[in-house]
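The next block is protein_20.csv, given as CSV, C-alpha atoms.
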```
chain,number,residue,atom,x,y,z
A,1044,MET,CA,-12.9,32.8,-14.0
A,1045,ARG,CA,-10.2,30.4,-15.1
A,1046,TRP,CA,-7.0,29.8,-13.3
A,1047,LEU,CA,-3.7,28.1,-14.0
A,1048,ALA,CA,-1.8,26.5,-11.1
A,1049,GLU,CA,1.5,24.8,-11.2
A,1050,VAL,CA,1.8,22.5,-8.2
A,1051,HIS,CA,5.3,21.3,-7.1
A,1052,VAL,CA,5.2,18.1,-5.1
A,1053,ARG,CA,8.5,17.5,-3.4
A,1054,LEU,CA,9.9,14.8,-1.1
A,1055,ARG,CA,10.3,16.1,2.4
A,1056,PRO,CA,13.9,16.9,3.3
A,1057,GLY,CA,15.9,13.9,4.6
A,1058,ILE,CA,13.8,11.3,2.9
A,1059,ALA,CA,15.9,9.1,0.7
A,1060,ASP,CA,15.4,9.8,-3.0
A,1061,PRO,CA,17.1,7.1,-5.0
A,1062,GLU,CA,15.6,8.5,-8.3
A,1063,GLY,CA,17.3,11.9,-7.6
A,1064,GLN,CA,20.6,10.1,-6.6
A,1065,THR,CA,20.5,8.1,-9.9
A,1066,ILE,CA,19.9,11.3,-11.9
A,1067,ALA,CA,22.8,13.0,-10.1
A,1068,GLY,CA,25.0,10.1,-10.9
A,1069,GLY,CA,24.0,10.3,-14.6
A,1070,LEU,CA,24.8,14.0,-14.7
A,1071,ARG,CA,28.2,13.3,-13.1
A,1072,SER,CA,29.0,10.5,-15.5
A,1073,LEU,CA,28.4,13.0,-18.3
A,1074,GLY,CA,31.0,15.3,-16.9
A,1075,PHE,CA,28.9,17.6,-14.8
A,1076,ASP,CA,31.2,17.1,-11.8
A,1077,ALA,CA,29.9,20.2,-10.1
A,1078,VAL,CA,26.5,18.5,-9.3
A,1079,HIS,CA,26.1,18.1,-5.6
A,1080,GLU,CA,22.5,16.8,-5.4
A,1081,VAL,CA,19.3,16.2,-7.4
A,1082,ARG,CA,15.9,15.8,-5.8
A,1083,ALA,CA,13.2,14.4,-8.0
A,1084,GLY,CA,9.6,15.6,-7.7
A,1085,LYS,CA,6.4,16.2,-9.7
A,1086,LEU,CA,5.1,19.2,-11.5
A,1087,LEU,CA,1.3,19.2,-11.9
A,1088,ARG,CA,-0.3,21.8,-14.1
A,1089,ILE,CA,-3.9,22.4,-13.2
A,1090,VAL,CA,-6.5,24.5,-15.1
A,1091,PHE,CA,-9.7,25.1,-13.1
A,1092,GLU,CA,-12.5,27.5,-12.4
A,1093,ALA,CA,-12.9,29.7,-9.3
A,1094,ASN,CA,-14.7,33.0,-8.7
A,1095,ASP,CA,-11.7,34.8,-7.3
A,1096,ARG,CA,-8.1,34.4,-6.1
A,1097,ALA,CA,-9.1,33.6,-2.6
A,1098,ALA,CA,-11.5,30.8,-3.8
A,1099,ALA,CA,-8.8,29.5,-6.1
A,1100,GLU,CA,-6.3,29.3,-3.4
A,1101,ALA,CA,-8.7,27.6,-1.0
A,1102,SER,CA,-9.5,25.1,-3.7
A,1103,LEU,CA,-5.8,24.4,-4.5
A,1104,ASP,CA,-5.0,24.0,-0.8
A,1105,ALA,CA,-7.8,21.4,-0.5
A,1106,MET,CA,-6.6,19.6,-3.7
A,1107,CYS,CA,-3.1,19.3,-2.2
A,1108,ARG,CA,-4.2,18.1,1.2
A,1109,ARG,CA,-6.7,15.6,-0.1
A,1110,LEU,CA,-4.9,14.0,-3.0
A,1111,LEU,CA,-1.9,15.7,-4.6
A,1112,ALA,CA,0.6,15.1,-1.8
A,1113,ASN,CA,1.0,12.5,0.9
A,1114,PRO,CA,2.1,14.4,4.0
A,1115,VAL,CA,4.0,11.4,5.3
A,1116,MET,CA,6.7,11.9,2.6
A,1117,GLU,CA,5.8,15.0,0.5
A,1118,THR,CA,5.1,18.7,0.6
A,1119,ALA,CA,3.3,20.7,-2.0
A,1120,ASP,CA,3.5,24.3,-3.0
A,1121,TRP,CA,2.1,26.1,-6.0
A,1122,GLU,CA,2.2,29.1,-8.2
A,1123,LEU,CA,-1.2,30.5,-9.3
A,1124,ARG,CA,-2.2,32.9,-12.0
A,1125,ALA,CA,-5.2,33.8,-14.0
A,1126,ALA,CA,-5.4,31.8,-17.2
A,1127,GLU,CA,-6.2,33.1,-20.6
A,1128,GLU,CA,-9.3,31.6,-22.0
A,1129,PRO,CA,-9.2,29.1,-23.5
A,1130,ALA,CA,-6.3,28.0,-21.3
A,1131,GLY,CA,-4.0,25.1,-22.2
A,1132,GLU,CA,-1.6,24.3,-24.9
A,1133,THR,CA,-1.1,27.1,-27.4
A,1134,GLY,CA,0.9,27.5,-30.6
A,1135,ARG,CA,0.4,24.0,-31.9
B,955,MET,CA,-19.2,-21.2,12.7
B,956,SER,CA,-19.9,-24.2,10.5
B,957,ARG,CA,-20.2,-22.6,7.1
B,958,ALA,CA,-17.4,-21.6,4.8
B,959,PRO,CA,-15.8,-18.1,5.3
B,960,ARG,CA,-17.3,-15.5,3.0
B,961,VAL,CA,-14.6,-13.2,1.6
B,962,ALA,CA,-14.8,-10.1,-0.6
B,963,VAL,CA,-11.9,-9.5,-2.9
B,964,ALA,CA,-11.7,-5.9,-4.0
B,965,VAL,CA,-10.8,-5.3,-7.6
B,966,PHE,CA,-9.7,-1.9,-9.0
B,967,PRO,CA,-8.7,-1.1,-12.6
B,968,GLY,CA,-5.2,-2.5,-12.8
B,969,THR,CA,-5.5,-5.0,-10.0
B,970,TRP,CA,-3.7,-8.2,-11.0
B,971,SER,CA,-3.7,-10.7,-8.1
B,972,GLU,CA,-7.5,-11.1,-7.6
B,973,ARG,CA,-7.7,-14.3,-9.6
B,974,ASP,CA,-4.9,-15.8,-7.6
B,975,PHE,CA,-6.7,-15.0,-4.4
B,976,LEU,CA,-10.0,-16.4,-5.8
B,977,HIS,CA,-8.2,-19.5,-6.8
B,978,VAL,CA,-6.7,-20.0,-3.3
B,979,ALA,CA,-10.1,-19.2,-1.8
B,980,ALA,CA,-11.5,-22.1,-3.9
B,981,VAL,CA,-8.7,-24.4,-2.7
B,982,LEU,CA,-9.6,-23.4,0.9
B,983,GLY,CA,-13.3,-24.0,0.3
B,984,TRP,CA,-14.1,-20.3,0.9
B,985,GLU,CA,-17.0,-18.5,-0.7
B,986,ALA,CA,-15.1,-15.6,-2.3
B,987,ARG,CA,-16.4,-13.1,-4.7
B,988,PRO,CA,-14.7,-10.2,-6.5
B,989,VAL,CA,-16.1,-6.7,-5.6
B,990,TRP,CA,-15.6,-4.0,-8.2
B,991,HIS,CA,-14.2,-0.7,-7.0
B,992,THR,CA,-17.4,1.2,-7.8
B,993,GLU,CA,-19.5,-1.0,-5.5
B,994,PRO,CA,-20.5,0.9,-2.3
B,995,GLU,CA,-21.1,-2.3,-0.3
B,996,LEU,CA,-19.2,-5.5,0.4
B,997,GLY,CA,-22.2,-7.7,1.0
B,998,ASP,CA,-22.4,-10.2,3.9
B,999,VAL,CA,-18.8,-11.1,4.3
B,1000,ASP,CA,-16.4,-12.3,7.1
B,1001,ALA,CA,-13.3,-10.8,5.7
B,1002,VAL,CA,-11.9,-8.5,2.9
B,1003,VAL,CA,-8.8,-8.9,0.8
B,1004,LEU,CA,-7.2,-6.1,-1.2
B,1005,PRO,CA,-5.0,-7.8,-3.7
B,1006,GLY,CA,-1.8,-6.7,-5.5
B,1007,GLY,CA,-1.5,-5.0,-8.8
B,1008,PHE,CA,-1.4,-1.4,-10.1
B,1009,ALA,CA,-4.7,0.2,-9.2
B,1010,HIS,CA,-5.4,3.1,-11.5
B,1011,GLY,CA,-2.0,2.6,-13.0
B,1012,ASP,CA,-0.2,3.7,-9.8
B,1013,HIS,CA,-0.6,7.2,-11.1
B,1014,LEU,CA,0.3,10.1,-8.8
B,1015,ARG,CA,1.2,7.6,-6.0
B,1016,THR,CA,0.5,3.9,-5.5
B,1017,GLY,CA,-3.0,3.7,-4.0
B,1018,ALA,CA,-3.6,7.4,-4.1
B,1019,ILE,CA,-6.6,7.2,-6.5
B,1020,ALA,CA,-7.9,3.8,-5.3
B,1021,ARG,CA,-8.4,5.0,-1.7
B,1022,PHE,CA,-11.2,7.2,-2.8
B,1023,SER,CA,-13.2,4.4,-4.5
B,1024,PRO,CA,-16.7,3.7,-3.2
B,1025,VAL,CA,-15.6,0.2,-2.2
B,1026,MET,CA,-12.9,1.7,0.1
B,1027,ARG,CA,-15.6,3.5,2.2
B,1028,ALA,CA,-17.2,0.1,2.7
B,1029,VAL,CA,-13.8,-1.5,3.6
B,1030,GLU,CA,-13.1,1.3,6.1
B,1031,ALA,CA,-16.5,0.8,7.8
B,1032,PHE,CA,-15.9,-3.0,7.8
B,1033,ALA,CA,-12.4,-2.5,9.5
B,1034,ASP,CA,-13.8,0.0,11.9
B,1035,ALA,CA,-16.3,-2.6,13.0
B,1036,GLY,CA,-13.4,-5.0,13.7
B,1037,GLY,CA,-13.6,-7.1,10.5
B,1038,PRO,CA,-10.4,-8.7,9.3
B,1039,VAL,CA,-8.8,-7.0,6.3
B,1040,LEU,CA,-5.7,-8.2,4.4
B,1041,GLY,CA,-3.9,-6.0,1.9
B,1042,SER,CA,-1.1,-7.5,0.0
B,1043,CYS,CA,1.4,-5.5,-2.1
B,1044,ASN,CA,-0.7,-2.9,-3.9
B,1045,GLY,CA,-3.4,-3.6,-1.3
B,1046,PHE,CA,-0.9,-2.6,1.5
B,1047,GLN,CA,-0.1,0.6,-0.5
B,1048,ILE,CA,-3.8,1.4,-0.7
B,1049,LEU,CA,-4.3,0.8,3.1
B,1050,CYS,CA,-1.5,3.2,3.8
B,1051,GLU,CA,-2.8,5.9,1.5
B,1052,ALA,CA,-6.2,5.5,3.1
B,1053,GLY,CA,-4.7,6.1,6.5
B,1054,MET,CA,-5.9,2.6,7.7
B,1055,LEU,CA,-2.2,1.8,8.3
B,1056,PRO,CA,0.6,4.2,9.1
B,1057,GLY,CA,3.5,5.1,6.8
B,1058,VAL,CA,3.9,4.8,3.1
B,1059,LEU,CA,5.5,2.5,0.5
B,1060,MET,CA,8.1,4.2,-1.7
B,1061,ARG,CA,10.2,3.3,-4.7
B,1062,ASN,CA,12.6,0.5,-4.0
B,1063,ASP,CA,16.0,1.9,-3.1
B,1064,HIS,CA,17.7,0.3,-6.1
B,1065,LEU,CA,14.8,1.5,-8.4
B,1066,GLN,CA,14.4,-2.0,-9.8
B,1067,PHE,CA,11.2,-4.1,-9.8
B,1068,ARG,CA,12.0,-7.1,-7.6
B,1069,CYS,CA,10.2,-10.4,-8.3
B,1070,ASP,CA,11.7,-13.2,-6.2
B,1071,TRP,CA,11.2,-15.6,-3.3
B,1072,GLN,CA,11.8,-13.8,0.0
B,1073,THR,CA,12.6,-15.1,3.5
B,1074,LEU,CA,10.6,-13.3,6.2
B,1075,ARG,CA,10.7,-13.4,10.0
B,1076,VAL,CA,7.4,-13.6,11.9
B,1077,GLU,CA,6.9,-11.4,14.9
B,1078,HIS,CA,3.9,-11.1,17.2
B,1079,PRO,CA,1.7,-13.5,15.3
B,1080,GLY,CA,-2.0,-13.7,16.1
B,1081,GLY,CA,-5.3,-12.3,14.9
B,1082,ALA,CA,-7.2,-13.3,11.9
B,1083,TRP,CA,-4.3,-13.7,9.4
B,1084,LEU,CA,-1.3,-14.8,11.4
B,1085,GLY,CA,-2.8,-17.0,14.1
B,1086,ASP,CA,-1.3,-20.2,12.7
B,1087,LEU,CA,2.3,-18.8,12.7
B,1088,ALA,CA,4.8,-18.9,15.5
B,1089,ASP,CA,6.7,-16.0,16.9
B,1090,GLY,CA,10.3,-15.9,15.5
B,1091,GLU,CA,9.8,-18.5,12.8
B,1092,THR,CA,10.8,-17.8,9.2
B,1093,ILE,CA,8.6,-18.3,6.2
B,1094,ARG,CA,9.1,-17.9,2.5
B,1095,LEU,CA,6.8,-15.9,0.2
B,1096,PRO,CA,7.1,-14.3,-3.2
B,1097,ILE,CA,7.6,-10.6,-3.5
B,1098,SER,CA,6.8,-8.7,-6.7
B,1099,HIS,CA,7.0,-5.0,-6.5
B,1100,GLY,CA,8.8,-1.8,-7.6
B,1101,GLU,CA,7.5,0.3,-4.7
B,1102,GLY,CA,7.8,-1.6,-1.5
B,1103,ARG,CA,10.2,0.5,0.6
B,1104,TYR,CA,8.4,1.1,3.8
B,1105,HIS,CA,8.8,4.6,5.2
B,1106,ALA,CA,7.4,6.3,8.3
B,1107,ASP,CA,8.9,8.8,10.7
B,1108,GLU,CA,11.0,7.6,13.6
B,1109,ALA,CA,8.3,8.2,16.2
B,1110,THR,CA,5.8,6.1,14.2
B,1111,LEU,CA,8.4,3.3,13.7
B,1112,ASP,CA,9.2,3.3,17.4
B,1113,ASP,CA,5.5,3.1,18.2
B,1114,LEU,CA,4.9,0.3,15.8
B,1115,GLU,CA,7.7,-1.7,17.4
B,1116,ARG,CA,6.8,-0.9,21.0
B,1117,THR,CA,3.2,-2.0,20.4
B,1118,GLY,CA,4.2,-5.2,18.6
B,1119,ARG,CA,2.6,-4.2,15.3
B,1120,VAL,CA,5.6,-5.1,13.1
B,1121,VAL,CA,4.6,-8.6,12.2
B,1122,LEU,CA,6.8,-9.4,9.2
B,1123,ARG,CA,10.4,-8.4,8.5
B,1124,TYR,CA,12.6,-9.1,5.5
B,1125,ALA,CA,15.3,-11.6,6.4
B,1126,ASP,CA,18.3,-13.3,4.7
B,1127,GLU,CA,18.4,-17.0,3.9
B,1128,THR,CA,19.5,-17.8,7.4
B,1129,GLY,CA,16.5,-16.0,8.9
B,1130,ALA,CA,18.5,-13.1,10.3
B,1131,VAL,CA,17.2,-9.6,9.7
B,1132,THR,CA,20.1,-8.0,8.0
B,1133,PRO,CA,20.7,-5.3,5.3
B,1134,ASP,CA,21.5,-8.1,2.8
B,1135,GLY,CA,18.1,-9.7,3.4
B,1136,ASN,CA,16.2,-6.4,2.8
B,1137,PRO,CA,15.1,-6.4,-0.9
B,1138,ASN,CA,13.9,-2.8,-1.2
B,1139,GLY,CA,15.4,-0.6,1.5
B,1140,SER,CA,12.4,-0.7,3.8
B,1141,LEU,CA,13.1,1.1,7.1
B,1142,ARG,CA,13.8,-1.4,9.9
B,1143,SER,CA,13.3,-4.2,7.3
B,1144,ILE,CA,9.5,-3.9,7.7
B,1145,ALA,CA,7.6,-6.2,5.3
B,1146,GLY,CA,4.2,-6.3,7.1
B,1147,ILE,CA,2.4,-4.4,9.9
B,1148,VAL,CA,-1.0,-4.4,11.5
B,1149,ASN,CA,-3.3,-1.6,12.8
B,1150,SER,CA,-3.6,-0.8,16.5
B,1151,ARG,CA,-6.7,-3.0,16.8
B,1152,GLY,CA,-4.9,-5.9,15.0
B,1153,ASN,CA,-7.6,-6.6,12.5
B,1154,VAL,CA,-6.0,-4.9,9.4
B,1155,LEU,CA,-2.8,-6.5,8.0
B,1156,GLY,CA,-0.7,-5.0,5.3
B,1157,LEU,CA,2.2,-6.9,3.8
B,1158,MET,CA,4.2,-6.4,0.6
B,1159,PRO,CA,4.7,-10.2,-0.1
B,1160,HIS,CA,2.1,-12.3,-1.8
B,1161,PRO,CA,0.6,-15.1,0.3
B,1162,GLU,CA,-1.7,-16.0,-2.5
B,1163,ARG,CA,1.2,-17.0,-4.7
B,1164,ALA,CA,2.6,-19.5,-2.2
B,1165,ALA,CA,-0.5,-21.6,-1.5
B,1166,GLU,CA,0.3,-24.9,-3.3
B,1167,ALA,CA,3.5,-27.0,-3.4
B,1168,GLU,CA,3.4,-27.0,-7.2
B,1169,VAL,CA,4.3,-23.3,-7.3
B,1170,GLY,CA,7.1,-23.6,-4.8
B,1171,GLY,CA,5.7,-23.2,-1.3
B,1172,THR,CA,2.7,-23.3,0.9
B,1173,ASP,CA,3.6,-20.7,3.6
B,1174,GLY,CA,1.0,-18.4,2.1
B,1175,LEU,CA,-1.7,-20.9,2.7
B,1176,ARG,CA,-0.8,-20.9,6.4
B,1177,ILE,CA,-1.5,-17.1,6.5
B,1178,LEU,CA,-4.8,-17.2,4.6
B,1179,GLY,CA,-5.8,-20.5,6.3
B,1180,SER,CA,-5.5,-18.8,9.7
B,1181,LEU,CA,-8.8,-16.9,9.0
B,1182,GLU,CA,-11.1,-19.9,9.3
B,1183,GLN,CA,-9.8,-20.8,12.8
B,1184,TRP,CA,-10.0,-17.2,13.9
B,1185,LEU,CA,-13.6,-17.0,12.7
B,1186,VAL,CA,-14.6,-20.1,14.6
B,1187,ALA,CA,-13.2,-18.5,17.8
B,1188,GLN,CA,-15.1,-15.2,17.1
B,1189,PRO,CA,-18.8,-16.0,16.9
B,1190,ALA,CA,-19.5,-12.3,17.0
B,1191,ALA,CA,-17.5,-11.8,13.8
B,1192,ALA,CA,-19.6,-14.5,12.1
B,1193,GLU,CA,-22.7,-12.7,13.1
B,1194,ARG,CA,-21.5,-9.3,12.0
B,1195,ARG,CA,-23.8,-7.8,9.4
B,1196,LEU,CA,-22.5,-4.8,7.4
```
Do you think you could lay out the structure here as structure tokens?
Amino acid sequence: MRWLAEVHVRLRPGIADPEGQTIAGGLRSLGFDAVHEVRAGKLLRIVFEANDRAAAEASLDAMCRRLLANPVMETADWELRAAEEPAGETGR
Amino acid sequence: MSRAPRVAVAVFPGTWSERDFLHVAAVLGWEARPVWHTEPELGDVDAVVLPGGFAHGDHLRTGAIARFSPVMRAVEAFADAGGPVLGSCNGFQILCEAGMLPGVLMRNDHLQFRCDWQTLRVEHPGGAWLGDLADGETIRLPISHGEGRYHADEATLDDLERTGRVVLRYADETGAVTPDGNPNGSLRSIAGIVNSRGNVLGLMPHPERAAEAEVGGTDGLRILGSLEQWLVAQPAAAERRL
């Protein structure tokens, strides 16, 4: 069956994030003085096939470990749900 | 070894410095050939160069896709056998992603692409690529990168320094390693490191762009030119067949 995963790749805590700092500065310059911090990351939306949820989770875990995140600087977590078929962009 | 060094120059989609390396190789009298990323073998070579550029568009992370190329399996086997490997700029990023060198290269702290001449301090020279340099001397090489901020955890940084594997640091014009001389926010001003065996060098600067006086400097030629002397002293290397 078909699955939809949204993988969030984040910089590990404590690692300098100049992109996030620059975005925070941009928000403050627009008057959003309440902004304390912005951390930039990546959102990866993955549609894939797996027999069941356990297999889908195992597959996602392997994808994150092998390619999607570099453990030296990043962590990855994900949300997984069964996808409607055909999955993908709708309403266009 | 009496023949000219044979060098493979790995080329990925988006590599941009391979022609400069091939040009310098011709200046040095090397037999160099480009090796496309899909090739599973390097051929009969004495050394491997991973040039700069933007392999696979730098997508996801610099070097993240390139490290799984067939040619990288051959490069890893070559390095495991003790063969000299030099990765410059994007090549350094690929070596880190592949786990052949520790750490990672992140976005420059100022978020700008930086293309300039850079003063560097040499530490613990030796091996195939730095044998002609002197400990503590300063050299000038071009840098040209947007993601050159070296990062590793404190334990890794301490280990690199304790074992003498930090071989190039960014320095200011006087040769002092200072925050002002650091062009990208690299931790401990690290510009180049070697692996524990010493045969794999990764550096953000571009030695191939400083190999002729006409382009502003020849310190890069001293790095690349170290290889031939090293090979002469390593008959086993010249006989290696992979």
How close does chain A get to chain B? List, as a Markdown table, each residue of chain A within 12 Å, its nearest atom pair and the distance in Å to one decimal, counting only C-alpha atoms.
```
| residue | atom | partner | partner_atom | distance |
| --- | --- | --- | --- | --- |
| A:Val1052 | CA | B:Leu1014 | CA | 10.1 |
| A:Leu1054 | CA | B:Met1060 | CA | 10.8 |
| A:Arg1055 | CA | B:Asp1107 | CA | 11.1 |
| A:Gly1057 | CA | B:Asp1107 | CA | 10.6 |
| A:Ile1058 | CA | B:His1105 | CA | 8.7 |
| A:Ala1059 | CA | B:Asp1063 | CA | 8.1 |
| A:Asp1060 | CA | B:Asp1063 | CA | 7.9 |
| A:Pro1061 | CA | B:Asp1063 | CA | 5.6 |
| A:Glu1062 | CA | B:Leu1065 | CA | 7.0 |
| A:Gly1063 | CA | B:Leu1065 | CA | 10.7 |
| A:Gln1064 | CA | B:Asp1063 | CA | 10.0 |
| A:Thr1065 | CA | B:Leu1065 | CA | 8.8 |
| A:Ile1066 | CA | B:Leu1065 | CA | 11.6 |
| A:Ala1083 | CA | B:Arg1061 | CA | 12.0 |
| A:Gly1084 | CA | B:Leu1014 | CA | 10.9 |
| A:Lys1085 | CA | B:Leu1014 | CA | 8.7 |
| A:Leu1086 | CA | B:Leu1014 | CA | 10.6 |
| A:Leu1087 | CA | B:Leu1014 | CA | 9.7 |
| A:Cys1107 | CA | B:Leu1014 | CA | 11.8 |
| A:Arg1108 | CA | B:Ala1018 | CA | 12.0 |
| A:Arg1109 | CA | B:Ala1018 | CA | 9.6 |
| A:Leu1110 | CA | B:Ala1018 | CA | 6.8 |
| A:Leu1111 | CA | B:Leu1014 | CA | 7.3 |
| A:Ala1112 | CA | B:Leu1014 | CA | 8.6 |
| A:Asn1113 | CA | B:Glu1051 | CA | 7.6 |
| A:Pro1114 | CA | B:Val1058 | CA | 9.8 |
| A:Val1115 | CA | B:Gly1057 | CA | 6.5 |
| A:Met1116 | CA | B:Val1058 | CA | 7.6 |
| A:Glu1117 | CA | B:Val1058 | CA | 10.7 |
```
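Among the candidates B:Ser1042, B:Thr1110, B:Ser971, B:Thr1016, the residue lying nearest to Trp1083 (chain B) is B:Ser1042 (atoms considered: all atoms listed in the file).
Across the model, the gap from CA of Ala986 (chain B) to CA of Arg1094 (chain B) is 24.8 Å.
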Best match for closeness to Ile1093 (chain B) among B:Gly1174, B:Gly1007, B:Gly1152, B:Gly1045, counting only C-alpha atoms:
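Closest residue, counting only C-alpha atoms: B:Gly1174.
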Quick one: residues within 12 Å of Arg1096 (chain A), all atoms listed in the file counted, chain neighbours fewer than 6 positions away excluded, as number ranges by chain?
A: 1044-1048, 1102-1103, 1122-1126
Would you pick out the contacts of Trp984 (chain B) at 12 Å or less, using all atoms listed in the file, so that residues sharing its chain but fewer than 2 positions from it are not included, and give the list as a list in words?
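So, after excluding close chain neighbours, the residues are Ser956, Arg957, Ala958, Pro959, Arg960, Val961, Ala962, Val963, Phe975, Leu976, His977, Val978, Ala979, Ala980, Val981, Leu982, Ala986, Arg987, Val999, Asp1000, Ala1001, Leu1178, Gly1179, Leu1181 and Glu1182 of chain B.
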Next, dump the selected residues to file, keeping only C-alpha atoms, as a PDB file, in the frame of the given file.
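Writing done, so here's out_15.pdb:
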```
ATOM      1  CA  SER B 956     -19.900 -24.200  10.500  1.00  0.00           C
ATOM      2  CA  ARG B 957     -20.200 -22.600   7.100  1.00  0.00           C
ATOM      3  CA  ALA B 958     -17.400 -21.600   4.800  1.00  0.00           C
ATOM      4  CA  PRO B 959     -15.800 -18.100   5.300  1.00  0.00           C
ATOM      5  CA  ARG B 960     -17.300 -15.500   3.000  1.00  0.00           C
ATOM      6  CA  VAL B 961     -14.600 -13.200   1.600  1.00  0.00           C
ATOM      7  CA  ALA B 962     -14.800 -10.100  -0.600  1.00  0.00           C
ATOM      8  CA  VAL B 963     -11.900  -9.500  -2.900  1.00  0.00           C
ATOM      9  CA  PHE B 975      -6.700 -15.000  -4.400  1.00  0.00           C
ATOM     10  CA  LEU B 976     -10.000 -16.400  -5.800  1.00  0.00           C
ATOM     11  CA  HIS B 977      -8.200 -19.500  -6.800  1.00  0.00           C
ATOM     12  CA  VAL B 978      -6.700 -20.000  -3.300  1.00  0.00           C
ATOM     13  CA  ALA B 979     -10.100 -19.200  -1.800  1.00  0.00           C
ATOM     14  CA  ALA B 980     -11.500 -22.100  -3.900  1.00  0.00           C
ATOM     15  CA  VAL B 981      -8.700 -24.400  -2.700  1.00  0.00           C
ATOM     16  CA  LEU B 982      -9.600 -23.400   0.900  1.00  0.00           C
ATOM     17  CA  ALA B 986     -15.100 -15.600  -2.300  1.00  0.00           C
ATOM     18  CA  ARG B 987     -16.400 -13.100  -4.700  1.00  0.00           C
ATOM     19  CA  VAL B 999     -18.800 -11.100   4.300  1.00  0.00           C
ATOM     20  CA  ASP B1000     -16.400 -12.300   7.100  1.00  0.00           C
ATOM     21  CA  ALA B1001     -13.300 -10.800   5.700  1.00  0.00           C
ATOM     22  CA  LEU B1178      -4.800 -17.200   4.600  1.00  0.00           C
ATOM     23  CA  GLY B1179      -5.800 -20.500   6.300  1.00  0.00           C
ATOM     24  CA  LEU B1181      -8.800 -16.900   9.000  1.00  0.00           C
ATOM     25  CA  GLU B1182     -11.100 -19.900   9.300  1.00  0.00           C
TER      26      GLU B1182
END
```
What is the CA of Phe1075 (chain A) to CA of Pro1056 (chain A) distance in Å?
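Interatomic distance, CA of Phe1075 (chain A) to CA of Pro1056 (chain A): 23.5 Å.
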To one decimal place, how far is CA of Ala1093 (chain A) from CA of Arg1053 (chain A) in Å?
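Going from CA of Ala1093 (chain A) over to CA of Arg1053 (chain A), I get 25.3 Å.
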Can you list, as a tab-separated table (two decimals) with C-alpha atoms, keeping the file's coordinate frame, every protein, DNA or RNA residue that comes within 10 Å of Trp990 (chain B) when you count all atoms listed in the file, leaving out same-chain residues fewer than 5 positions away?
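Below you can see around-v1.tsv, which holds the result:
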```
chain	number	residue	atom	x	y	z
B	962	ALA	CA	-14.80	-10.10	-0.60
B	963	VAL	CA	-11.90	-9.50	-2.90
B	964	ALA	CA	-11.70	-5.90	-4.00
B	965	VAL	CA	-10.80	-5.30	-7.60
B	966	PHE	CA	-9.70	-1.90	-9.00
B	967	PRO	CA	-8.70	-1.10	-12.60
B	995	GLU	CA	-21.10	-2.30	-0.30
B	996	LEU	CA	-19.20	-5.50	0.40
B	1023	SER	CA	-13.20	4.40	-4.50
B	1024	PRO	CA	-16.70	3.70	-3.20
B	1025	VAL	CA	-15.60	0.20	-2.20
```
